[in-house]
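Report on the structure given below.
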Amino acid sequence: MEELLKRPTKRRGFYVEMRLLHKNGRQQQQLEKNSCFKYYKWVLWFSLTLYFFSSYFISHNKPIPLSRTHFSNSKSNLPSRALIESVNTTSLQHPTREDLKIYVYELPSKYNTDWLSNERCSNHLFASEVAIHRALLNDDVIRTFDPYEADFFFVPVYVSCNFSTVNGFPAIGHARTLISSAIQLISSQYPFWNRTHGSDHVFVASHDYGACFHAMEDRAIADGIPEFLKKSIILQTFGVKYQHPCQEVENVVIPPYVSPVSVRKTLEKAPVSGRRDIQVFFRGKMEVHPKNVSGRFYSKRVRTVIWRKYNGDRRFYLQRHRFAGYQSEIVRSVFCLCPLGWAPWSPRLVESVVLGCVPVIIADGIRLPFPDAVKWSDISLTVAEKDVATLGPILDHVAATNLSIIQKNLWDPDVRRALLFNDRVEEGDATWQVIRALSQKLDRSYRRSEVSGQ
């Protein structure tokens with residue numbers, strides 16, 4: 001306290017000058033000669049100065065924490081705690097990107113980077129878990145190396161890169177065990193998980209049914225979200241507008257990963273004229289005779305109806321087999337069909353938008369990513385699953401009426417930017433939108449609640 005009182009008061013102190021005015025000059029001289037008056041004048045001056053100085057000091061500073069455990073990070077050691085931490089109360093109500101801070105746990109490589117030995121891990125449709133981690137590591141504004149100043153804690157566990165040797169699809173049966181192990185690690189070595197039970201911790205679940213970690217809906221519902229994740233924030237590609245067990249957790253719907261590099265290369269090779277010679281496009285799995293799997297049919301038979309009804313129709317370019325260069329077909333198309341598969345979402349949604357093809361969404365009740373940034377009703381069409389047999393007339397009507405308006409909205413660069421993840425956070429891009437969504441959840445920040453409670 002003595003040290004603080006010894007600080008210069010040039011800017012913080014308050015100087016009080018008192019002047020007593022009297023009509024009779026002679027009486028004033030006599031009063032000033034009075035030692036008693038001079039004594040009380042000095043006491044009053046000192047009391048007022050001390051009062052204003054103390055009020056200013058108390059209102060602008062936090063008490064010094066008695067003790068805190070420090071953690072080291074490979075890039076730098078955590079700075080020692082300052083004696084005084086000032087907090088701008090305005091930022092609590094209107095946070096900016098610069099205000100919000102995220103601490104990224106540095107986990108052993110078995111939880112993340114070991115999986116990158118397979119190049120697909122960072123490029124396939126589930127790779128947003130890699131992209132968000134990478135963007136945060138490269139950011140010097142949002143990321144903090146001091147966990148005590150963090151609003152949120154990002155837990156980088158990659159669970160989508162265990163590709164099946166049978167069909168090449170991601171096998172996520174190990175997801176629960178791997179994430180549980182990571183939580184045990186951070187909760188035993190750091191105090192931050194335990195103090196909130198993980199409510200300010202962020203995970204990515206970029207799979208068919210999010211944190212339920214299964215590709216089949218019935219199994220996903222039966223398994224549910226693991227108990228150890230139910231208080232955390234999940235960034236997930238799955239989202240619907242109705243109640244569903246796989247979104248009964250604080251969540252942010254994010255887009256599936258599409259490589260911005262591949263998009264750029266495709267656009268560079270696109271016809272200079274911009275002419276689109278394919279009216280309606282879809283390439284993907286379309287079963288002629290759909291199989292009954294646990295009482296469910298793939299795509300709820302929507303894709304089967306599309307194939308049976310429109311295969312051979314000159315307006316429709318439908319392909320059932322894979323083709324690595326399919327983006328070159330999207331960039332030539334006017335309408336791109338985005339029907340549900342096992343889950344309602346697919347990367348076609350993002351690819352269509354960023355390549356200028358009007359997405360035709362056929363997935364009842366789907367919740368789309370970043371609705372504050374992307375006005376989906378202005379750039380896409382939504383067709384009910386039950387109306388899929390009338391796709392032809394529906395699209396013909398749009399082409400004859402408001403197609404040009406939709407296409408103009410679609411080419412807004414801000415829209416395309418919001419759906420792509422970059423290696424570094426760029427204003428308006430997908431990771432930036434995630435940060436924006438988190439800034440609306442600051443009531444879950446332990447640091448903020450600690451400050452507001454003082």
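As shown in the structure tokens, the chain order sets the letters A, B, ...; within each chain, residues go from 1, and ligands are also counted from 1 in the order they appear.
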
Using only C-alpha atoms, tabulate the residues of segment 234-353 of chain A lying at most 12 Å from any atom of segment 116-129 of chain A, each with its closest atom pair and that distance in Å to one decimal, by chain and increasing residue number, as JSON lines.
```
{"residue": "A:Ile234", "atom": "CA", "partner": "A:Glu129", "partner_atom": "CA", "distance": 11.0}
{"residue": "A:Leu235", "atom": "CA", "partner": "A:Glu129", "partner_atom": "CA", "distance": 8.8}
{"residue": "A:Gln236", "atom": "CA", "partner": "A:Ser128", "partner_atom": "CA", "distance": 9.2}
{"residue": "A:Thr237", "atom": "CA", "partner": "A:Phe126", "partner_atom": "CA", "distance": 8.6}
{"residue": "A:Phe238", "atom": "CA", "partner": "A:Phe126", "partner_atom": "CA", "distance": 11.3}
{"residue": "A:Val253", "atom": "CA", "partner": "A:Ser128", "partner_atom": "CA", "distance": 11.6}
{"residue": "A:Ile254", "atom": "CA", "partner": "A:Ser128", "partner_atom": "CA", "distance": 8.4}
{"residue": "A:Pro255", "atom": "CA", "partner": "A:Ser128", "partner_atom": "CA", "distance": 8.0}
{"residue": "A:Pro256", "atom": "CA", "partner": "A:Leu125", "partner_atom": "CA", "distance": 5.5}
{"residue": "A:Tyr257", "atom": "CA", "partner": "A:Leu125", "partner_atom": "CA", "distance": 4.7}
{"residue": "A:Val258", "atom": "CA", "partner": "A:Leu125", "partner_atom": "CA", "distance": 6.3}
{"residue": "A:Ser259", "atom": "CA", "partner": "A:Asn123", "partner_atom": "CA", "distance": 6.4}
{"residue": "A:Pro260", "atom": "CA", "partner": "A:Asn123", "partner_atom": "CA", "distance": 10.0}
{"residue": "A:Val261", "atom": "CA", "partner": "A:Asn123", "partner_atom": "CA", "distance": 10.1}
{"residue": "A:Ser262", "atom": "CA", "partner": "A:Asn123", "partner_atom": "CA", "distance": 9.8}
{"residue": "A:Trp345", "atom": "CA", "partner": "A:Leu125", "partner_atom": "CA", "distance": 10.9}
{"residue": "A:Ser346", "atom": "CA", "partner": "A:Leu125", "partner_atom": "CA", "distance": 8.3}
{"residue": "A:Pro347", "atom": "CA", "partner": "A:Leu125", "partner_atom": "CA", "distance": 6.3}
{"residue": "A:Arg348", "atom": "CA", "partner": "A:Leu125", "partner_atom": "CA", "distance": 9.8}
{"residue": "A:Leu349", "atom": "CA", "partner": "A:Leu125", "partner_atom": "CA", "distance": 11.4}
{"residue": "A:Val350", "atom": "CA", "partner": "A:Leu125", "partner_atom": "CA", "distance": 10.3}
{"residue": "A:Glu351", "atom": "CA", "partner": "A:Leu125", "partner_atom": "CA", "distance": 10.7}
```

(Q) When DSSP is applied to the backbone of this structure, which of segment 236-438 of chain A are assigned strand (DSSP E)? Write them out as a PyMOL selection string. (A) chain A and resi 236+250-253+278-283+292-293+296-297+316-319+333-339+358-362+381-382

Q. Looking at only C-alpha atoms, which of A:Ile435, A:Val157, A:Leu337, A:Ile233 is the one that sits closest to Glu248 of chain A?
A.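 For Glu248 of chain A, the nearest of the given residues is A:Ile233.
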
Q: Just give me the gap between atom CA of Phe153 of chain A and atom CA of Asp200 of chain A in Å, one decimal is fine.
A: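 Interatomic distance here is 6.3 Å.
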
(Q) Between atom CA of Ser199 of chain A and atom CA of Lys231 of chain A, what distance in Å does the model show, to one decimal? (A)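 These atoms are spaced 4.9 Å apart.
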
Q: Quick one: everything within 8 Å of Gly224 of chain A, counting only C-alpha atoms, minus sequence neighbours fewer than 3 positions away in the same chain. Send it as a list in words.
A: Ala211, Cys212, Ala220, Ile221, Pro245 and Cys246 of chain A

Keeping only all heavy atoms, take the residues you just selected and write them out as a CSV table (one decimal), in the first residue's frame.
```
chain,number,residue,atom,x,y,z
A,211,ALA,N,-21.9,-33.9,-31.9
A,211,ALA,CA,-21.3,-34.6,-30.8
A,211,ALA,C,-21.9,-35.9,-30.4
A,211,ALA,O,-21.5,-36.5,-29.4
A,211,ALA,CB,-21.3,-33.6,-29.6
A,212,CYS,N,-22.8,-36.4,-31.1
A,212,CYS,CA,-23.3,-37.7,-30.9
A,212,CYS,C,-22.4,-38.8,-31.5
A,212,CYS,O,-22.5,-40.0,-31.2
A,212,CYS,CB,-24.7,-37.9,-31.5
A,212,CYS,SG,-26.1,-37.1,-30.5
A,220,ALA,N,-27.0,-42.5,-33.4
A,220,ALA,CA,-26.5,-41.3,-32.8
A,220,ALA,C,-27.5,-40.8,-31.7
A,220,ALA,O,-27.1,-40.4,-30.7
A,220,ALA,CB,-26.5,-40.2,-33.9
A,221,ILE,N,-28.8,-41.0,-32.0
A,221,ILE,CA,-29.8,-40.6,-31.0
A,221,ILE,C,-29.7,-41.5,-29.8
A,221,ILE,O,-29.8,-41.0,-28.6
A,221,ILE,CB,-31.2,-40.6,-31.6
A,221,ILE,CG1,-31.4,-39.5,-32.7
A,221,ILE,CG2,-32.3,-40.5,-30.6
A,221,ILE,CD1,-32.7,-39.6,-33.4
A,245,PRO,N,-31.8,-34.8,-30.1
A,245,PRO,CA,-30.9,-35.1,-29.0
A,245,PRO,C,-29.5,-34.7,-29.3
A,245,PRO,O,-28.7,-34.5,-28.4
A,245,PRO,CB,-31.0,-36.6,-28.9
A,245,PRO,CG,-32.4,-36.9,-29.4
A,245,PRO,CD,-32.7,-36.0,-30.5
A,246,CYS,N,-29.1,-34.6,-30.6
A,246,CYS,CA,-27.7,-34.4,-31.0
A,246,CYS,C,-27.4,-32.9,-31.1
A,246,CYS,O,-26.3,-32.5,-31.5
A,246,CYS,CB,-27.4,-35.0,-32.3
A,246,CYS,SG,-27.5,-36.9,-32.2
```

**Q.** Coordinates-based distance that separates atom CA of Ala150 of chain A from atom CA of Asp443 of chain A (Å, one decimal)
**A.**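 Taking atom CA of Asp443 of chain A as the start and atom CA of Ala150 of chain A as the end point, the length is 13.2 Å.
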